[in-house]
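Let me begin by presenting the structure, written as structure tokens, before commenting on it.
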Amino acid sequence: MSTTRTPVRLQAVSAPDQPDVTPALHELYRGFEQELLVPLWTEIGDLMPAHPRSRAVPHLWHWDSLLKLAARAGEIVPVGRGGERRAIALANPSLGGRPFATPTLWAAIQYLMPGEDAPEHRHTQHAFRFVVEGSGVWTVVDGDPVPMNRGDFLPQAGWNWHAHHNATTEPMAWLDGLDIPFQYVTEAQFFEYGRDELSAAERTTPRRSRSERLWGHPGLRPLAATPAPAGDSPLLAYKWEYTDAALADQLALEAEGHGGTVEPGHAAVRFTNPATGGDVLSTIRAEMHRIARGAETAPVRETGSSVYQVFNGSGTVTVGDTTWSVTRGDLFVVPSWESFSARSEAGSTDSDSGALDLFRFCDAPVFEALRLDRTQRGDA
């Protein structure tokens with residue numbers, strides 16, 4: 001037998017469908033331990049449960065608290081090399097203090113002070129920015145300055161050079177989403193520092209980026225353009241005005257007696273790659289949901305996890321057995337196979353749209369690619 005010190009520890013237990021506890025069984029288990037072997041019959045309940053049991057738990061972060069702490073960090077913590085971005089990640093309370101919102105998704109508030117630049121770098125992790133409030137920062141992707149304004153969704157495919165600069169006299173915060181935990185657990189990540197400073201041309205502040213001018217025309221694909229590798233979106237900004245109009249039109253069609261909503265009072269859109277019609281990023285799906293005042297969504301369970309941010313309005317959300325009241329900016333996690341529903345209590349005083357608007361990102365493209373996706377709607 002091997003003399004290797006073994007981390008395997010097996011315990012003989014008296015239980016249904018388990019072998020009788022005898023001296024021979026104890027001796028067999030010690031042999032398994034020495035040879036680094038684990039019999040399936042001692043692990044099947046954990047390795048092959050009847051349904052997903054996520055290591056993450058439902059949790060809510062209040063935007064007001066996050067913003068105050070980010071502002072304090074802006075006064076104390078430099079944004080340059082070393083810290084490499086003033087990004088403050090959400091740590092799910094059941095994931096051992098790791099900066100992971102779920103086992104596959106990273107979510108963080110990033111904060112840039114007036115006149116500051118976040119230095120250039122690139123990484124294989126796919127990312128996006130979503131702006132819940134404010135304006136004045138441009139993200140520069142491979143030399144293309146892209147404006148960031150309230151409601152804009154800005155995908156960032158992996159291994160593209162990117163930096164940010166704040167061209168105003170006010171600080172700005174936004175939501176960062178990445179697949180860092182997924183690439184971490186699969187041991188697939190790469191990272192590289194870029195230049196310390198942007199060029200004068202990159203520090204300009206155009207109203208529309210070059211990517212928007214080429215790809216941002218609904219239903220029209222430029223014949224001269226080459227799509228981004230791996231099916232990731234070549235469009236670097238999805239403007240709120242178009243998202244807002246699409247959601248409003250869905251609810252208006254419903255009010256007129258036509259189809260268009262996913263369920264009564266619930267409009268929804270998915271951000272898609274204009275070259276392929278697929279998801280904007282190969283590992284991340286992003287959507288915006290609008291729930292009319294007084295409407296409530298039916299419970300839904302899905303494999304894979306989600307992070308939501310309240311963009312407009314107020315209401316209650318239920319994740320598993322937990323119910324919270326939420327307002328603008330609040331963030332919450334829906335772990336794999338936990339039931340989720342939301343009720344809108346929004347009105348004209350707390351919502352530009354008069355409804356509860358929820359931004360959602362999730363890991364569905366990974367699960368669909370692996371054919372592990374499953375959805376259950378209703379209370380079944």
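In the structure tokens, chains take the letters A, B, ... in the order shown, each chain's residues start at 1, and ligands count up from 1 in the order shown.
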Discussion item. I need the residues of region 217-302 of chain A that end up classed as helix (DSSP H, G or I) by DSSP on the backbone, written out as a PyMOL selection string.
Written reply: chain A and resi 229-231+240-255
Practice prompt. Excluding region 366-374 of chain A and residues on its chain fewer than 5 positions from it, collect all residues at most 6 Å away from it, counting only C-alpha atoms, and give them as a list of chain:residue names.
Written response: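 Answer for this query is A:Thr283, A:Glu302, A:Thr303.
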Worksheet item: Interatomic distance between CA of Thr318 (chain A) and CA of Arg53 (chain A)?
Response: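 Result for CA of Thr318 (chain A) versus CA of Arg53 (chain A): 17.7 Å, one decimal.
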With a distance cut-off of 7 Å and only C-alpha atoms, select the neighbouring residues of Arg207 (chain A), excluding the residue or stretch itself and same-chain residues fewer than 2 positions from it, and output the selection as an mmCIF file with C-alpha atoms, in the first residue's frame.
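The resulting file, selection27.cif, is reproduced below:
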data_model
loop_
_atom_site.group_PDB
_atom_site.id
_atom_site.type_symbol
_atom_site.label_atom_id
_atom_site.label_comp_id
_atom_site.auth_asym_id
_atom_site.auth_seq_id
_atom_site.Cartn_x
_atom_site.Cartn_y
_atom_site.Cartn_z
ATOM 1 C CA PRO A 147 -19.935 56.949 -22.994
ATOM 2 C CA THR A 205 -15.783 62.342 -25.035
ATOM 3 C CA SER A 209 -18.671 55.316 -29.736
#
Worksheet item: Which one is closest to Ala346 (chain A): A:Ile291, A:Ala267, A:Val141, A:Leu28? Count only C-alpha atoms.
Response: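 Answer, going by the shortest atom-to-atom distance: A:Ile291.
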Practice prompt. Pick out the residues sitting within 8 Å of Gly134 (chain A), and hand them over as number ranges by chain; count only C-alpha atoms, and ignore anything fewer than 5 positions along from it in its own chain.
Written response: A: 149-150, 172-173
Can you write out the residues you just picked, keeping all heavy atoms, as a compact mmCIF listing (two decimals), in the first residue's frame?
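What ended up in selection30.txt:
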# COMPACT_ATOMS: atom_id res chain seq x y z
N ASN A 149 -23.90 56.17 -19.38
CA ASN A 149 -24.97 56.99 -18.81
C ASN A 149 -26.01 56.10 -18.14
O ASN A 149 -26.06 54.89 -18.39
CB ASN A 149 -25.64 57.84 -19.89
CG ASN A 149 -24.67 58.79 -20.56
OD1 ASN A 149 -24.19 59.73 -19.96
ND2 ASN A 149 -24.37 58.53 -21.83
N ARG A 150 -26.83 56.70 -17.30
CA ARG A 150 -27.85 55.95 -16.55
C ARG A 150 -28.65 55.04 -17.46
O ARG A 150 -29.18 55.46 -18.48
CB ARG A 150 -28.76 56.90 -15.80
CG ARG A 150 -29.95 56.20 -15.14
CD ARG A 150 -30.69 57.08 -14.15
NE ARG A 150 -32.07 56.63 -13.95
CZ ARG A 150 -32.41 55.59 -13.20
NH1 ARG A 150 -31.49 54.88 -12.59
NH2 ARG A 150 -33.68 55.25 -13.08
N MET A 172 -18.51 58.94 -9.97
CA MET A 172 -19.51 58.09 -10.60
C MET A 172 -19.29 56.64 -10.17
O MET A 172 -18.15 56.18 -10.04
CB MET A 172 -19.45 58.20 -12.12
CG MET A 172 -20.53 57.40 -12.85
SD MET A 172 -20.53 57.77 -14.62
CE MET A 172 -21.50 56.38 -15.24
N ALA A 173 -20.39 55.94 -9.94
CA ALA A 173 -20.36 54.53 -9.56
C ALA A 173 -21.20 53.74 -10.54
O ALA A 173 -22.17 54.25 -11.11
CB ALA A 173 -20.89 54.35 -8.14
Worksheet item: Please, what distance in Å, to one decimal, runs between CA of Pro93 (chain A) and CA of Ala286 (chain A)?
Response: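 CA of Ala286 (chain A) lies 23.8 Å from CA of Pro93 (chain A).
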Worksheet item: Separation of CA of Pro171 (chain A) and CA of Ala237 (chain A), in Å?
Response: 20.6 Å
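Each of A:His123, A:Asp152, A:Pro299, A:Thr139 was checked against Gln189 (chain A) using only C-alpha atoms; the smallest atom-to-atom distance is that of A:His123.
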Write out as a compact mmCIF listing (two decimals) with all heavy atoms, in the first residue's frame which residues come within 9 Å of region 211-213 of chain A when counting only C-alpha atoms, dropping same-chain ones fewer than 4 positions away.
# COMPACT_ATOMS: atom_id res chain seq x y z
N ASP A 144 -11.49 52.73 -28.35
CA ASP A 144 -12.80 53.32 -28.69
C ASP A 144 -13.45 53.88 -27.43
O ASP A 144 -13.88 53.10 -26.56
CB ASP A 144 -13.68 52.24 -29.32
CG ASP A 144 -14.99 52.79 -29.87
OD1 ASP A 144 -15.19 54.02 -29.87
OD2 ASP A 144 -15.83 51.96 -30.31
N VAL A 146 -16.27 54.97 -25.08
CA VAL A 146 -17.69 54.62 -25.05
C VAL A 146 -18.34 55.35 -23.87
O VAL A 146 -17.97 55.11 -22.71
CB VAL A 146 -17.90 53.10 -24.89
CG1 VAL A 146 -19.37 52.75 -25.04
CG2 VAL A 146 -17.04 52.34 -25.89
N HIS A 217 -27.62 50.00 -34.98
CA HIS A 217 -28.81 50.32 -35.76
C HIS A 217 -29.72 49.10 -35.77
O HIS A 217 -29.37 48.07 -36.37
CB HIS A 217 -28.42 50.73 -37.18
CG HIS A 217 -27.46 51.89 -37.22
ND1 HIS A 217 -27.87 53.19 -37.03
CD2 HIS A 217 -26.12 51.94 -37.39
CE1 HIS A 217 -26.82 54.00 -37.10
NE2 HIS A 217 -25.74 53.26 -37.30
N PRO A 234 -20.12 42.74 -30.75
CA PRO A 234 -19.25 43.85 -31.16
C PRO A 234 -19.81 45.21 -30.76
O PRO A 234 -19.11 46.22 -30.88
CB PRO A 234 -19.21 43.70 -32.69
CG PRO A 234 -20.55 43.12 -33.02
CD PRO A 234 -20.90 42.21 -31.87
N LEU A 235 -21.07 45.25 -30.31
CA LEU A 235 -21.68 46.51 -29.87
C LEU A 235 -21.32 46.73 -28.41
O LEU A 235 -21.62 45.89 -27.55
CB LEU A 235 -23.21 46.44 -30.04
CG LEU A 235 -24.01 47.67 -29.61
CD1 LEU A 235 -23.57 48.92 -30.36
CD2 LEU A 235 -25.51 47.42 -29.79
N LEU A 236 -20.68 47.86 -28.11
CA LEU A 236 -20.12 48.10 -26.79
C LEU A 236 -21.05 48.87 -25.86
O LEU A 236 -20.71 49.07 -24.69
CB LEU A 236 -18.79 48.84 -26.91
CG LEU A 236 -17.69 48.09 -27.70
CD1 LEU A 236 -16.44 48.95 -27.79
CD2 LEU A 236 -17.39 46.75 -27.06
N ALA A 237 -22.21 49.32 -26.34
CA ALA A 237 -23.15 50.04 -25.47
C ALA A 237 -24.57 49.84 -25.97
O ALA A 237 -24.85 50.02 -27.16
CB ALA A 237 -22.81 51.52 -25.41
N TYR A 238 -25.44 49.45 -25.05
CA TYR A 238 -26.87 49.30 -25.33
C TYR A 238 -27.57 50.41 -24.54
O TYR A 238 -27.63 50.37 -23.32
CB TYR A 238 -27.35 47.91 -24.90
CG TYR A 238 -26.75 46.78 -25.71
CD1 TYR A 238 -25.40 46.46 -25.61
CD2 TYR A 238 -27.53 46.05 -26.60
CE1 TYR A 238 -24.85 45.44 -26.37
CE2 TYR A 238 -26.99 45.02 -27.36
CZ TYR A 238 -25.64 44.72 -27.24
OH TYR A 238 -25.10 43.70 -28.00
Fill in: Close residues, Leu66 (chain A) itself excluded, 12 Å, only C-alpha atoms, min 4 positions apart in chain, as number ranges by chain
A: 60-62, 70-73, 87-90, 108-111, 173-175, 329-331
With only C-alpha atoms as the counted atoms, please give the residues lying no more than 10 Å from Arg328 (chain A), apart from itself and same-chain residues fewer than 5 positions off, as an mmCIF file with N, CA, C and O atoms, in the first residue's frame.
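What follows is the written file result_12.cif:
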data_model
loop_
_atom_site.group_PDB
_atom_site.id
_atom_site.type_symbol
_atom_site.label_atom_id
_atom_site.label_comp_id
_atom_site.auth_asym_id
_atom_site.auth_seq_id
_atom_site.Cartn_x
_atom_site.Cartn_y
_atom_site.Cartn_z
ATOM 1 N N HIS A 62 -27.974 46.617 0.054
ATOM 2 C CA HIS A 62 -28.650 47.893 -0.170
ATOM 3 C C HIS A 62 -27.704 48.874 -0.851
ATOM 4 O O HIS A 62 -26.580 49.108 -0.392
ATOM 5 N N TRP A 63 -28.175 49.478 -1.938
ATOM 6 C CA TRP A 63 -27.358 50.385 -2.733
ATOM 7 C C TRP A 63 -26.869 51.580 -1.927
ATOM 8 O O TRP A 63 -25.706 51.992 -2.072
ATOM 9 N N ASP A 64 -27.712 52.140 -1.083
ATOM 10 C CA ASP A 64 -27.300 53.304 -0.295
ATOM 11 C C ASP A 64 -26.065 52.991 0.546
ATOM 12 O O ASP A 64 -25.144 53.801 0.634
ATOM 13 N N VAL A 132 -26.584 52.412 -12.964
ATOM 14 C CA VAL A 132 -27.862 52.635 -12.286
ATOM 15 C C VAL A 132 -28.114 54.112 -12.036
ATOM 16 O O VAL A 132 -29.248 54.537 -11.894
ATOM 17 N N GLU A 133 -27.048 54.930 -12.003
ATOM 18 C CA GLU A 133 -27.225 56.368 -11.847
ATOM 19 C C GLU A 133 -25.951 57.077 -12.292
ATOM 20 O O GLU A 133 -24.867 56.500 -12.289
ATOM 21 N N GLN A 309 -30.315 43.769 -10.093
ATOM 22 C CA GLN A 309 -30.218 45.111 -9.529
ATOM 23 C C GLN A 309 -31.494 45.878 -9.867
ATOM 24 O O GLN A 309 -31.955 45.854 -11.014
ATOM 25 N N VAL A 310 -32.041 46.550 -8.854
ATOM 26 C CA VAL A 310 -33.235 47.375 -9.062
ATOM 27 C C VAL A 310 -32.804 48.653 -9.764
ATOM 28 O O VAL A 310 -31.993 49.421 -9.238
ATOM 29 N N PHE A 311 -33.335 48.878 -10.954
ATOM 30 C CA PHE A 311 -32.999 50.091 -11.693
ATOM 31 C C PHE A 311 -33.998 51.209 -11.414
ATOM 32 O O PHE A 311 -33.622 52.377 -11.286
ATOM 33 N N ASN A 312 -35.252 50.854 -11.317
ATOM 34 C CA ASN A 312 -36.329 51.813 -11.080
ATOM 35 C C ASN A 312 -37.321 51.237 -10.099
ATOM 36 O O ASN A 312 -37.572 50.033 -10.100
ATOM 37 N N GLY A 313 -37.900 52.100 -9.259
ATOM 38 C CA GLY A 313 -39.056 51.704 -8.498
ATOM 39 C C GLY A 313 -38.762 50.950 -7.220
ATOM 40 O O GLY A 313 -37.638 50.888 -6.728
ATOM 41 N N SER A 314 -39.825 50.354 -6.694
ATOM 42 C CA SER A 314 -39.757 49.610 -5.440
ATOM 43 C C SER A 314 -40.715 48.441 -5.511
ATOM 44 O O SER A 314 -41.579 48.368 -6.382
ATOM 45 N N GLY A 315 -40.560 47.530 -4.568
ATOM 46 C CA GLY A 315 -41.434 46.370 -4.537
ATOM 47 C C GLY A 315 -40.918 45.348 -3.562
ATOM 48 O O GLY A 315 -40.063 45.637 -2.714
ATOM 49 N N ASP A 350 -41.107 57.129 -7.179
ATOM 50 C CA ASP A 350 -39.846 56.397 -7.024
ATOM 51 C C ASP A 350 -39.390 55.702 -8.300
ATOM 52 O O ASP A 350 -38.440 54.928 -8.280
ATOM 53 N N SER A 351 -40.086 55.977 -9.422
ATOM 54 C CA SER A 351 -39.732 55.291 -10.658
ATOM 55 C C SER A 351 -39.976 56.189 -11.853
ATOM 56 O O SER A 351 -41.071 56.740 -12.014
ATOM 57 N N LEU A 356 -41.601 48.702 -11.638
ATOM 58 C CA LEU A 356 -40.398 48.122 -11.046
ATOM 59 C C LEU A 356 -39.540 47.579 -12.177
ATOM 60 O O LEU A 356 -39.910 46.621 -12.855
ATOM 61 N N ASP A 357 -38.391 48.205 -12.403
ATOM 62 C CA ASP A 357 -37.470 47.786 -13.454
ATOM 63 C C ASP A 357 -36.306 47.040 -12.810
ATOM 64 O O ASP A 357 -35.619 47.583 -11.936
ATOM 65 N N LEU A 358 -36.071 45.818 -13.259
ATOM 66 C CA LEU A 358 -35.021 44.967 -12.704
ATOM 67 C C LEU A 358 -34.028 44.589 -13.795
ATOM 68 O O LEU A 358 -34.414 44.024 -14.829
#
Worksheet item: With distances taken over only C-alpha atoms, which of A:Phe271, A:Phe100, A:Phe190, A:Phe332 is nearest to Phe128 (chain A)?
Response: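 With only C-alpha atoms as the atom set, the closest residue is A:Phe271.
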Fill in: Those in region 228-311 of chain A with strand (DSSP E or B) from DSSP, as a list in words
Tyr238, Glu263, His266, Ala267, Ala268, Val269, Arg270, Thr272, Asp279, Arg285, Ala286, Glu287, Met288, His289, Arg290, Ile291, Ala292, Glu296, Val300, Arg301, Glu302, Ser306, Val307, Tyr308, Gln309, Val310 and Phe311 of chain A
